[in-house]
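Engineer: Have a look at this one.
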Amino acid sequence: MNHVAIDLGGKESQICIRHPDGAIVEERKVPTRKLTELVSTWPTSRVVMETSAEAFRIADAAIAAGHEVRVVPATLVRLLGVGDRGVKNDQRDAQHLSKASWQTDVPSVHIPSKPARELKSICGARDVLVGTRTKLINNVRGWMRTQLWRIRGGTPATFADRVRGHAAAVGEPLPEHIERQLRMLSAVLEETKGADKQLKTLAGEHAVCRQLMTAPGIGPVTALRFVAAIDEPGRFSSAHRVQSYLGLTPGEHSSSERERRTGITKAGPMELRRTLIQAAWAAMCRVRTSHPMIDWARRLAERRGRPVAAVALARKLAGILFAMWRDGTSYQSKRSAEVVKPS
């Protein structure tokens, strides 16, 4: 089996092909957009590349052509010789990757399915709109502080009207640059509303998402992000593996006789971890009925503080969502009590 390494670039990519005996038989640069066609011309090979924006699209084409594919984590490529001794160029990087593939079975990240990547892209697009909305509002609020203006509270949807109403009340016209931002805010709010509607529809049509949304605090955004990040529940042996993958488990910094636990590792997909913590906050604040898991989190909040309790509840939610998906069951509050340790 040949070993093909691809050092991916936005416009051009470097390839290095080795025979089974380790001899390099081909090295050249090719347009990155041509790689999906090029991989189908190679004999069955092991194709190795570093994680990048283009990697999974190329990986799909290589798998379809019958190749073994390894998408190497960016944190690992340095150990394989990429950038060794401060010398880094595309040709050397491809050589090191192909050599590593020839010498050993290099590890690969999970190659997400096309539906999972599409869901992640849709959720990411909504996040951009929400972030833009927040920046516009904060910038206008900053200008208002310079004018010593204070307006009544309300939702982002009414923010522009409240600012204009206050300006009319004090008899001062809004500057053009502030009015421009308020107009932009109205457009962003409309697009955000459309994005929320799209996510709600997608989650309602997705069987697994409907199942996950039976858990307290879990809405369309959290359910879709969870499905997009986990993709294939069978690749995790237990709920604890999922919690660790999402960076919601405590870290450790021990040496010799010293043992010290640290905060959560914050490894894995940051967006899903943040969303799960938001879901935990929502469950703690909005669930009014007696509920074993929520009651446990509230008791923990009394002892350790609400932020610690929210993260702990997010960790349990991640494990429960995985178990629901794996077992094909809806949420059952009685079963959630089984994962809650006594206070």
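Naming works like this for the structure tokens: A, B, ... for the chains as they're shown, residue 1 at the start of each chain, ligands 1 onward in shown order.
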Write out as a PyMOL selection string all residues of region 84-272 of chain A that backbone DSSP assigns to strand (DSSP E or B).
Structural biologist: chain A and resi 250-252+255+258+261-264
Engineer: Just want the 7 Å neighbourhood of Leu246 (chain A), counted on only C-alpha atoms, with same-chain residues fewer than 4 positions away dropped. Output as an MDAnalysis selection string.
Structural biologist: chainID A and resid 242 267:269 273
Engineer: In region 117-180 of chain A, what's helix (DSSP H, G or I) per DSSP? Answer as a PyMOL selection string?
Structural biologist: chain A and resi 117-146+156-170+176-180
Engineer: Quick one: contact table of region 197-232 of chain A to region 89-111 of chain A, 10 Å max, nearest atom pair and distance in Å to one decimal per residue, counting only C-alpha atoms, chain and number order, as a tab-separated table?
Structural biologist:
```
residue	atom	partner	partner_atom	distance
A:Ile230	CA	A:His110	CA	9.5
A:Asp231	CA	A:His110	CA	9.2
A:Glu232	CA	A:His110	CA	9.3
```
Engineer: Would you write out those residues with N, CA, C and O atoms, as an mmCIF file, in the first residue's frame?
Structural biologist:
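As a result, selection-v6.cif now contains:
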```
data_model
loop_
_atom_site.group_PDB
_atom_site.id
_atom_site.type_symbol
_atom_site.label_atom_id
_atom_site.label_comp_id
_atom_site.auth_asym_id
_atom_site.auth_seq_id
_atom_site.Cartn_x
_atom_site.Cartn_y
_atom_site.Cartn_z
ATOM 1 N N ILE A 230 -21.177 14.868 18.481
ATOM 2 C CA ILE A 230 -21.006 13.443 18.791
ATOM 3 C C ILE A 230 -21.067 12.612 17.518
ATOM 4 O O ILE A 230 -20.273 11.689 17.319
ATOM 5 N N ASP A 231 -21.992 12.924 16.641
ATOM 6 C CA ASP A 231 -22.119 12.327 15.307
ATOM 7 C C ASP A 231 -22.418 10.832 15.368
ATOM 8 O O ASP A 231 -23.474 10.383 14.923
ATOM 9 N N GLU A 232 -21.519 10.048 15.927
ATOM 10 C CA GLU A 232 -21.701 8.594 16.025
ATOM 11 C C GLU A 232 -21.510 8.173 17.486
ATOM 12 O O GLU A 232 -20.373 8.070 17.960
#
```
Engineer: Looking at A:Ala157, A:Leu35, A:Ala55, A:Val25, which one is nearest to Glu12 (chain A), with distances taken over only C-alpha atoms?
Structural biologist: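 Selected residue with least distance to Glu12 (chain A): A:Leu35.
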Engineer: Which one is closest to Cys123 (chain A): A:Ser40, A:Thr249, A:Ser256, A:Gln198? Count only C-alpha atoms.
Structural biologist: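 With only C-alpha atoms as the atom set, the closest residue is A:Gln198.
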Engineer: Could you tell me which of A:Tyr245, A:Trp42, A:Trp143, A:Phe226 comes closest to Ile264 (chain A) if we count only C-alpha atoms?
Structural biologist: A:Tyr245
Engineer: List the spatial neighbours of Arg141 (chain A) as a count of residues only - criterion: any atom at most 10 Å away, only C-alpha atoms, same-chain residues fewer than 4 positions off excluded.
Structural biologist: 11
Engineer: Tell me which protein, DNA and RNA residues are within 12 Å of Met184 (chain A), counting only C-alpha atoms, leaving out same-chain ones fewer than 4 positions away, and put them as a list in words.
Structural biologist: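 Surrounding residues, per the criterion: Leu129, Thr132, Arg133, Thr134, Lys135, Leu136, Ile137, Val140, Ala160, His177, Ile178, Glu179, Arg180, Val188, Leu189, Glu190 and Glu191 of chain A.
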Engineer: Can you tell me, as a list in words, what residues are no more than 8 Å from Leu317 (chain A) when counting only C-alpha atoms, ignoring any on the same chain fewer than 4 positions away?
Structural biologist: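 With the cut-off at 8 Å, the set is Leu276, Ala280, Leu313 and Leu321 of chain A.
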Engineer: Keeping N, CA and C atoms, export the residues of the selection given above as a PDB file, in the first residue's frame.
Structural biologist:
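So the final result, stored in again37.pdb, reads:
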```
ATOM      1  N   LEU A 276     -24.082  23.606  26.556  1.00  0.00           N
ATOM      2  CA  LEU A 276     -24.536  22.725  27.633  1.00  0.00           C
ATOM      3  C   LEU A 276     -24.574  23.455  28.967  1.00  0.00           C
ATOM      4  N   ALA A 280     -27.741  24.116  31.355  1.00  0.00           N
ATOM      5  CA  ALA A 280     -27.772  23.814  32.799  1.00  0.00           C
ATOM      6  C   ALA A 280     -28.294  25.013  33.583  1.00  0.00           C
ATOM      7  N   LEU A 313     -23.827  20.294  36.556  1.00  0.00           N
ATOM      8  CA  LEU A 313     -25.077  19.850  35.935  1.00  0.00           C
ATOM      9  C   LEU A 313     -24.894  19.669  34.427  1.00  0.00           C
ATOM     10  N   LEU A 321     -27.639  12.782  27.996  1.00  0.00           N
ATOM     11  CA  LEU A 321     -28.000  12.905  26.579  1.00  0.00           C
ATOM     12  C   LEU A 321     -27.373  11.780  25.764  1.00  0.00           C
TER      13      LEU A 321
END
```
Engineer: Of the candidates A:Gly319, A:Gly165, A:Gly194, A:Gly153, which shows the shortest atom-to-atom distance to His240 (chain A), using only C-alpha atoms?
Structural biologist: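 Looking only at the distances to His240 (chain A), the closest residue turns out to be A:Gly319.
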Engineer: For Tyr331 (chain A), find every residue with an atom within 12 Å (counting only C-alpha atoms), except residues of its own chain fewer than 4 positions away, and show them as a list in words.
Structural biologist: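 Using only C-alpha atoms, the neighbours found are Val208, Cys209, Arg210, Gln211, Leu212, Met213, Thr214, Ala215, Pro216, Gly217, Ile218, Met293, Leu317, Gly319, Ile320, Leu321, Phe322, Ala323, Met324, Trp325, Asp327, Arg335, Ser336 and Ala337 of chain A.
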Engineer: Could you check which of A:Lys316, A:Arg326, A:Arg288, A:Leu202 is closest to Gly234 (chain A), using only C-alpha atoms?
Structural biologist: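 Closest to Gly234 (chain A) of all the choices is A:Arg326.
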Engineer: Residues near Gly9 (chain A), anyone? I mean within 10 Å using only C-alpha atoms, not counting same-chain ones fewer than 6 positions away, as JSON, numbers by chain.
Structural biologist: {"A": [30, 31, 32, 33, 52, 53, 54, 55, 90]}
Engineer: Which residue out of A:Thr75, A:Thr36, A:Gln14, A:Ser186 has the minimum interatomic distance to Arg57 (chain A) when only C-alpha atoms are used?
Structural biologist: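 Comparing A:Thr75, A:Thr36, A:Gln14, A:Ser186 against Arg57 (chain A), the winner is A:Thr36.
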Engineer: What is the CA of Gly66 (chain A) to CA of Arg78 (chain A) distance in Å?
Structural biologist: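 Result for CA of Gly66 (chain A) versus CA of Arg78 (chain A): 27.9 Å, one decimal.
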